[in-house]
file query18.pdb (PDB, C-alpha atoms)
ATOM      1  CA  MET A   1       3.946  -6.989   4.866  1.00  0.00           C
ATOM      2  CA  TRP A   2       7.310  -7.205   3.118  1.00  0.00           C
ATOM      3  CA  GLN A   3       5.745  -9.444   0.483  1.00  0.00           C
ATOM      4  CA  HIS A   4       2.989  -6.898  -0.137  1.00  0.00           C
ATOM      5  CA  LYS A   5       5.459  -4.018  -0.379  1.00  0.00           C
ATOM      6  CA  ASN A   6       7.377  -5.944  -3.023  1.00  0.00           C
ATOM      7  CA  ASP A   7       4.317  -7.152  -4.977  1.00  0.00           C
ATOM      8  CA  LEU A   8       5.062 -10.809  -4.247  1.00  0.00           C
ATOM      9  CA  VAL A   9       1.479 -11.564  -3.198  1.00  0.00           C
ATOM     10  CA  GLU A  10      -1.388 -11.335  -5.647  1.00  0.00           C
ATOM     11  CA  GLY A  11      -4.325  -9.274  -4.507  1.00  0.00           C
ATOM     12  CA  PHE A  12      -5.431  -5.774  -3.639  1.00  0.00           C
ATOM     13  CA  ALA A  13      -1.996  -4.369  -2.743  1.00  0.00           C
ATOM     14  CA  GLU A  14      -0.443  -5.570  -5.985  1.00  0.00           C
ATOM     15  CA  LYS A  15      -3.387  -4.610  -8.205  1.00  0.00           C
ATOM     16  CA  TYR A  16      -3.676  -1.059  -6.865  1.00  0.00           C
ATOM     17  CA  ALA A  17       0.019  -0.494  -5.974  1.00  0.00           C
ATOM     18  CA  VAL A  18      -0.772   0.046  -2.279  1.00  0.00           C
ATOM     19  CA  HIS A  19       2.460  -0.186  -0.339  1.00  0.00           C
ATOM     20  CA  SER A  20       1.834   1.829   2.815  1.00  0.00           C
ATOM     21  CA  LEU A  21       0.497   0.612   6.129  1.00  0.00           C
ATOM     22  CA  ALA A  22      -1.732   3.360   7.515  1.00  0.00           C
ATOM     23  CA  TYR A  23      -3.583   1.352  10.162  1.00  0.00           C
ATOM     24  CA  TYR A  24      -3.315  -1.929  12.021  1.00  0.00           C
ATOM     25  CA  GLU A  25      -4.746  -3.668  15.053  1.00  0.00           C
ATOM     26  CA  PHE A  26      -3.353  -6.415  17.258  1.00  0.00           C
ATOM     27  CA  HIS A  27      -5.586  -9.248  18.431  1.00  0.00           C
ATOM     28  CA  GLU A  28      -4.865 -11.984  20.946  1.00  0.00           C
ATOM     29  CA  GLN A  29      -6.482 -14.655  18.808  1.00  0.00           C
ATOM     30  CA  MET A  30      -6.507 -15.200  15.034  1.00  0.00           C
ATOM     31  CA  LEU A  31     -10.267 -15.797  15.064  1.00  0.00           C
ATOM     32  CA  LEU A  32     -10.855 -12.355  16.599  1.00  0.00           C
ATOM     33  CA  ALA A  33      -8.602 -10.751  13.991  1.00  0.00           C
ATOM     34  CA  ILE A  34     -10.486 -12.454  11.169  1.00  0.00           C
ATOM     35  CA  GLN A  35     -13.834 -11.399  12.622  1.00  0.00           C
ATOM     36  CA  ARG A  36     -12.630  -7.805  12.889  1.00  0.00           C
ATOM     37  CA  GLU A  37     -11.324  -7.833   9.316  1.00  0.00           C
ATOM     38  CA  LYS A  38     -14.700  -9.070   8.059  1.00  0.00           C
ATOM     39  CA  GLN A  39     -16.443  -6.373  10.100  1.00  0.00           C
ATOM     40  CA  LEU A  40     -14.254  -3.613   8.654  1.00  0.00           C
ATOM     41  CA  LYS A  41     -14.777  -4.862   5.097  1.00  0.00           C
ATOM     42  CA  LYS A  42     -18.495  -4.124   5.496  1.00  0.00           C
ATOM     43  CA  TRP A  43     -17.867  -0.525   6.583  1.00  0.00           C
ATOM     44  CA  ASN A  44     -18.251   2.269   4.083  1.00  0.00           C
ATOM     45  CA  ARG A  45     -15.131   4.071   2.898  1.00  0.00           C
ATOM     46  CA  GLN A  46     -15.612   7.195   5.037  1.00  0.00           C
ATOM     47  CA  TRP A  47     -15.884   5.152   8.241  1.00  0.00           C
ATOM     48  CA  LYS A  48     -12.587   3.474   7.384  1.00  0.00           C
ATOM     49  CA  ILE A  49     -10.936   6.814   6.642  1.00  0.00           C
ATOM     50  CA  ASN A  50     -12.189   8.189   9.970  1.00  0.00           C
ATOM     51  CA  LEU A  51     -10.783   5.152  11.797  1.00  0.00           C
ATOM     52  CA  ILE A  52      -7.363   5.645  10.205  1.00  0.00           C
ATOM     53  CA  GLU A  53      -7.270   9.409  10.752  1.00  0.00           C
ATOM     54  CA  LYS A  54      -8.238   9.009  14.403  1.00  0.00           C
ATOM     55  CA  THR A  55      -4.848   7.392  15.147  1.00  0.00           C
ATOM     56  CA  ASN A  56      -2.797   8.377  12.098  1.00  0.00           C
ATOM     57  CA  PRO A  57      -3.994  11.772  10.797  1.00  0.00           C
ATOM     58  CA  THR A  58      -1.014  12.230   8.469  1.00  0.00           C
ATOM     59  CA  TRP A  59      -1.317   8.725   6.973  1.00  0.00           C
ATOM     60  CA  LYS A  60       2.296   8.004   7.909  1.00  0.00           C
ATOM     61  CA  ASP A  61       3.548   4.575   6.792  1.00  0.00           C
ATOM     62  CA  LEU A  62       3.503   2.561  10.042  1.00  0.00           C
ATOM     63  CA  TRP A  63       5.528  -0.353   8.674  1.00  0.00           C
ATOM     64  CA  GLU A  64       8.701   0.880  10.385  1.00  0.00           C
ATOM     65  CA  GLU A  65       6.979   0.765  13.785  1.00  0.00           C
ATOM     66  CA  LEU A  66       6.410  -2.956  13.406  1.00  0.00           C
ATOM     67  CA  LEU A  67      10.023  -3.836  12.638  1.00  0.00           C
TER      68      LEU A  67
END
call {"tool": "encode", "arguments": {"input": "query18.pdb", "output": "structure tokens"}}
result
Amino acid sequence: MWQHKNDLVEGFAEKYAVHSLAYYEFHEQMLLAIQREKQLKKWNRQWKINLIEKTNPTWKDLWEELL
């Protein structure tokens, strides 16, 4: 996450200057996390927004919670 916040990793976060963490999930196994990420990528934008706002209605940056 630190690398993304400081634009040290090429990709979406760097290209669109996205530096806030509005949503995250923990998974016991990496394979389950990857499967979930692929599932969410297929969702339409509004479904993703609804998922975020269900647990983080103010879109607070959750990065501090993970430290």
call {"tool": "closest_residue", "arguments": {"input": "query18.pdb", "among": "A:Leu51, A:Leu21, A:Lys38, A:Gln46", "to": "A:Glu65", "atoms": "all atoms listed in the file"}}
result
A:Leu21
call {"tool": "atom_distance", "arguments": {"input": "query18.pdb", "atom1": "atom CA of A:Trp63", "atom2": "atom CA of A:Ser20"}}
result
7.3 Å
call {"tool": "residues_around", "arguments": {"input": "query18.pdb", "residues": "stretch 52-62 of chain A", "least_positions_apart": "6", "cutoff": "12 Å", "atoms": "only C-alpha atoms", "output": "list in words"}}
result
Met1, Lys5, Val18, His19, Ser20, Leu21, Ala22, Tyr23, Tyr24, Glu25, Leu40, Arg45 and Gln46 of chain A
call {"tool": "atom_distance", "arguments": {"input": "query18.pdb", "atom1": "atom CA of A:Ile49", "atom2": "atom CA of A:Leu66"}}
result
21.0 Å
call {"tool": "axis_aligned_box", "arguments": {"input": "query18.pdb", "around": "stretch 33-43 of chain A", "padding_each_side": "5 Å", "output": "lines of an AutoDock Vina configuration file"}}
result
center_x = -13.5
center_y = -6.5
center_z = 9.5
size_x = 19.9
size_y = 21.9
size_z = 18.9
call {"tool": "closest_residue", "arguments": {"input": "query18.pdb", "among": "A:Leu31, A:His4, A:Glu37, A:Lys42", "to": "A:Tyr16", "atoms": "all atoms listed in the file"}}
result
A:His4
call {"tool": "atom_distance", "arguments": {"input": "query18.pdb", "atom1": "atom CA of A:Lys15", "atom2": "atom CA of A:Gln3"}}
result
13.5 Å
